Amino acid sequence: DPAARIFQDEVEHGFDTNAEQLIISNELLLEYLDSAEDSLRKALFLDKLEPPVTKTTNFHPGKFQGGSRRYTTYKKQSTVMRGPAAQYPANGARRVEFAGNYRVTISAAGVDRDTYGKLKFPPAQGPIKMAVGSRLDGQGGGNGGSKLLKVFDLQDNQFGTFEVEMWLDKGAYPWVSFHNGAGKPAASIRQAIRRKRLDPKKNSPQNYRGPGVEVSKFSVEGPLNPEWPPATYKAVFRENVMPDFEDAAVRDRVLSRFVSRALRRVATEEDVKDFREYLGQQYKKTGDWHEAFIKTYAAVMASHDFLYLKEEVGELPPFDLVSRLSYFLWSTMPDLELLMLAHSGEILKPDVYAAQVDRLLHDPRSSEFVDSFATQWLSLDMLGMMAPDAMEGEYTIYHKRGYEAAFRNETLRYFRHVLLENRPVGDFLDSDYTFLNSTLAEAYKIPFKGGSQFQRVTLPAGSVRGGLLGHGSILSLTSNGVETLPVTRGHWVLDELLGTPPPPPPAEVPALVPDLSGVDTPRAQLARHREDAACFECHKQMDPIGLALENFDVIGRYRTKYNAKTKIDSAGEMYGIPFKNVAELRKILRSREEDFAKSLTAKLAEYAKGRELNRSDLEIVDQVVAEAAKADYRFKTLLRKMLMSKLMLER
């Protein structure tokens with residue numbers, strides 16, 4: 001992951017596209033440079049620009065390393081792994097020099113299952129399992145660069161041959177492990193000795209001889225059918241043959257082409273000349289054109305013109321327009337088709353641009369828009385930051401059953417459905433369906449016959465779960481892990497759904513401190529707070545909404561009482577319309593679908609433009625929403641109209 005080396009931008013308000021908050025320091029620029037160079041070295045991995053030869057390397061099966069010696073038995077022609085730690089050939093040549101597909105062949109058997117008689121160590125039942133995987137050195141700490149690829153069932157005391165084909169980057173190597181072996185068998189042996197189930201004279205925790213995986217052959221063949229030049233070289237240099245770097249014309253061609261791709265437009269001589277000079281400087285240092293190109297390309301990828309989208313005021317020119325469209329819907333740079341249309345200027349023709357909008361919307365890569373925009377709009381990336389205490393008896397189920405992941409999944413699937421099925425955006429406010437799996441159905445107490453896979457389900461009549469206000473994600477995010485926050489919930493509805501946030505409280509007004517003694521209900525506490533004239537107007541709007549959601553606890557489960565004696569009163573009034581419960585509140589919100597559509601369109605535009613909207617922008621928002629009203633505010637239609645408007649076409 002290239003971003004693993006880069007400090008994450010902290011966005012305090014709005015979206016991570018907000019230009020005002022995307023500041024680059026010297027330290028951050030060096031992180032970009034380091035990440036770019038590391039990525040290029042993964043792609044341009046050759047030490048010698050020569051085609052590889054496929055060969056088979058047989059490693060000595062009695063010389064492995066990586067696991068604890070206490071749990072490993074080394075024999076002349078085999079190694080017995082008795083613990084779950086991954087092991088690999090001790091020979092330094094285990095690391096491959098050419099990235100590609102390799103075939104790993106292993107002969108292995110399960111052994112010593114009954115060494116301790118009636119005292120059984122894992123696996124007490126079922127087959128001994130062998131895992132095979134790969135590891136790339138230098139990928140952070142722990143097992144950051146390790147991947148499990150396949151698990152095999154072994155026969156007891158009968159060797160079998162097993163093959164795995166795997167992709168190995170340069171510097172990577174395969175490993176093998178006892179997948180279902182005992183984690184800490186020494187402790188179990190000590191306990192058995194104390195209980196006199198084992199003879200201490202014959203058994204020692206330091207010399208464990210329990211079940212194991214015995215490996216008698218370990219060979220690696222590859223690279224298999226190597227492509228020349230490697231695919232990554234073709235992708236980086238855009239050449240079907242290995243470039244002749246001694247030829248100045250070739251160097252200039254591949255450099256200009258790379259700079260054009262990085263800048264997402266046709267590079268000018270002014271763009272290229274500094275990088276050409278830098279390339280020459282790097283060659284003088286190393287005497288190696290291959291190394292000089294890696295350093296130069298890294299500099300291109302750490303330049304401001306690559307890292308930023310630069311847009312002038314007014315109508316966007318072709319290359320700026322295709323970049324904005326592509327990063328909005330795909331979260332990545334324009335593809336070749338978009339760049340060609342920008343190069344010809346055809347993209348500025350309304351019918352051509354409209355066709356590209358539809359193409360990008362229907363491309364699978366548009367899932368990036370769903371994940372990025374929905375996650376930021378609904379703050380799903382904040383889920384878990386104020387999770388309930390894992391040791392708190394009432395809420396341990398949140399952690400044990402994986403509610404956090406299930407909540408996020410439900411909301412993202414819901415957003416994707418409303419968009420791709422072109423449902424009215426009012427479904428976000430109230431609906432008769434959601435997406436459930438067995439975990440969520442249990443949390444929501446909704447009959448469900450499915451398993452762990454999410455399915456669209458029609459909710460029972462009168463369900464409290466319709467729309468976003470019934471999602472555990474939103475209800476958890478508007479709590480603090482200890483108690484519900486009615487003011488926060490009410491503010492969230494006004495701000496995120498209706499786009500009408502109340503002003504911040506006056507500086508002289510103290511923060512509302514909940515009474516945790518259980519004497520007062522939240523409704524009574526808020527009633528006292530509204531007695532302050534400076535608080536009344538805002539809380540008059542927020543409090544009824546938040547109190548209507550008090551039927552949902554800290555982790556979004558429905559309840560009717562705070563405790564055995566105190567019932568929850570969720571009745572209130574909004575826009576002068578009384579409601580008895582959250583279901584009736586949702587109907588009132590659904591009647592404000594136009595307000596919600598305006599709020600959603602404004603957020604979409606802010607995400608696309610990378611700035612807050614001004615008065616002129618908001619007038620266009622009103623026009624877009626008025627047009628979308630003719631199609632019942634259907635989401636894809638609304639989005640498409642926004643993309644075709646000046647909100648998208650102008651800075």
# chains A, B, ... in the order shown; residues from 1 in each chain; ligands from 1
>>> residues_around(residues="stretch 216-227 of chain A", least_positions_apart="2", cutoff="9 Å", atoms="only C-alpha atoms", output="VMD selection string")
chain A and resid 51 to 62 77 to 80 89 94 96 98 to 109 159 161 168 174 214 229 to 231
>>> select_by_dssp(residues="stretch 358-481 of chain A", states="strand (DSSP E)", output="mmCIF file with N, CA, C and O atoms, in the first residue's frame")
data_model
loop_
_atom_site.group_PDB
_atom_site.id
_atom_site.type_symbol
_atom_site.label_atom_id
_atom_site.label_comp_id
_atom_site.auth_asym_id
_atom_site.auth_seq_id
_atom_site.Cartn_x
_atom_site.Cartn_y
_atom_site.Cartn_z
ATOM 1 N N TYR A 433 -37.069 -1.048 3.786
ATOM 2 C CA TYR A 433 -36.082 -2.099 3.539
ATOM 3 C C TYR A 433 -34.731 -1.687 4.114
ATOM 4 O O TYR A 433 -34.479 -0.523 4.420
ATOM 5 N N THR A 434 -33.853 -2.664 4.256
ATOM 6 C CA THR A 434 -32.453 -2.413 4.588
ATOM 7 C C THR A 434 -31.657 -3.637 4.156
ATOM 8 O O THR A 434 -32.175 -4.522 3.475
ATOM 9 N N PHE A 435 -30.384 -3.693 4.572
ATOM 10 C CA PHE A 435 -29.523 -4.827 4.233
ATOM 11 C C PHE A 435 -29.043 -5.475 5.529
ATOM 12 O O PHE A 435 -28.457 -4.794 6.382
ATOM 13 N N LEU A 436 -29.310 -6.761 5.665
ATOM 14 C CA LEU A 436 -29.017 -7.474 6.906
ATOM 15 C C LEU A 436 -28.203 -8.731 6.649
ATOM 16 O O LEU A 436 -28.269 -9.327 5.578
ATOM 17 N N GLN A 455 -28.050 -9.399 2.752
ATOM 18 C CA GLN A 455 -29.139 -9.497 1.792
ATOM 19 C C GLN A 455 -30.073 -8.293 1.970
ATOM 20 O O GLN A 455 -30.227 -7.775 3.081
ATOM 21 N N ARG A 456 -30.691 -7.878 0.870
ATOM 22 C CA ARG A 456 -31.721 -6.842 0.973
ATOM 23 C C ARG A 456 -32.968 -7.492 1.540
ATOM 24 O O ARG A 456 -33.421 -8.529 1.048
ATOM 25 N N VAL A 457 -33.533 -6.915 2.593
ATOM 26 C CA VAL A 457 -34.720 -7.480 3.217
ATOM 27 C C VAL A 457 -35.786 -6.399 3.346
ATOM 28 O O VAL A 457 -35.489 -5.219 3.568
ATOM 29 N N THR A 458 -37.031 -6.814 3.175
ATOM 30 C CA THR A 458 -38.165 -5.918 3.432
ATOM 31 C C THR A 458 -38.448 -5.948 4.919
ATOM 32 O O THR A 458 -38.577 -7.021 5.516
#
>>> residues_around(residues="A:Phe415", least_positions_apart="6", cutoff="9 Å", atoms="only C-alpha atoms", output="list in words")
Val370, Ala374 and Phe428 of chain A
>>> write_last_selection(atoms="C-alpha atoms", output="compact mmCIF listing (two decimals), in the first residue's frame")
# COMPACT_ATOMS: atom_id res chain seq x y z
CA VAL A 370 -19.56 4.96 -3.08
CA ALA A 374 -20.48 7.74 1.66
CA PHE A 428 -32.24 7.77 3.18
>>> atom_distance(atom1="atom CA of A:Ala342", atom2="atom CA of A:Glu315")
14.1 Å
>>> residues_around(residues="A:Lys273", least_positions_apart="6", cutoff="12 Å", atoms="only C-alpha atoms", output="ChimeraX atom specification")
/A:252,255-256,259,267,279-280,296,300
>>> residues_around(residues="stretch 557-570 of chain A", least_positions_apart="2", cutoff="6 Å", atoms="only C-alpha atoms", output="JSON, numbers by chain")
{"A": [547, 548, 551, 552, 553, 555, 581]}
>>> write_last_selection(atoms="N, CA and C atoms", output="compact mmCIF listing (two decimals), in the first residue's frame")
# COMPACT_ATOMS: atom_id res chain seq x y z
N LEU A 547 -34.38 13.28 21.24
CA LEU A 547 -35.16 12.51 22.22
C LEU A 547 -35.99 11.44 21.54
N ALA A 548 -36.40 11.68 20.30
CA ALA A 548 -37.13 10.64 19.57
C ALA A 548 -36.26 9.42 19.30
N ASN A 551 -34.96 5.85 21.97
CA ASN A 551 -35.34 4.44 21.98
C ASN A 551 -34.21 3.54 21.49
N PHE A 552 -33.13 4.13 20.98
CA PHE A 552 -31.97 3.36 20.55
C PHE A 552 -30.83 3.58 21.54
N ASP A 553 -30.23 2.51 22.00
CA ASP A 553 -29.17 2.65 23.00
C ASP A 553 -27.84 3.00 22.35
N ILE A 555 -25.38 1.34 21.27
CA ILE A 555 -24.94 0.56 20.11
C ILE A 555 -26.11 0.30 19.15
N ASN A 581 -43.33 8.86 17.93
CA ASN A 581 -42.17 7.98 17.98
C ASN A 581 -41.29 8.23 16.76
>>> atom_distance(atom1="atom CA of A:Glu612", atom2="atom CA of A:Tyr327")
17.6 Å
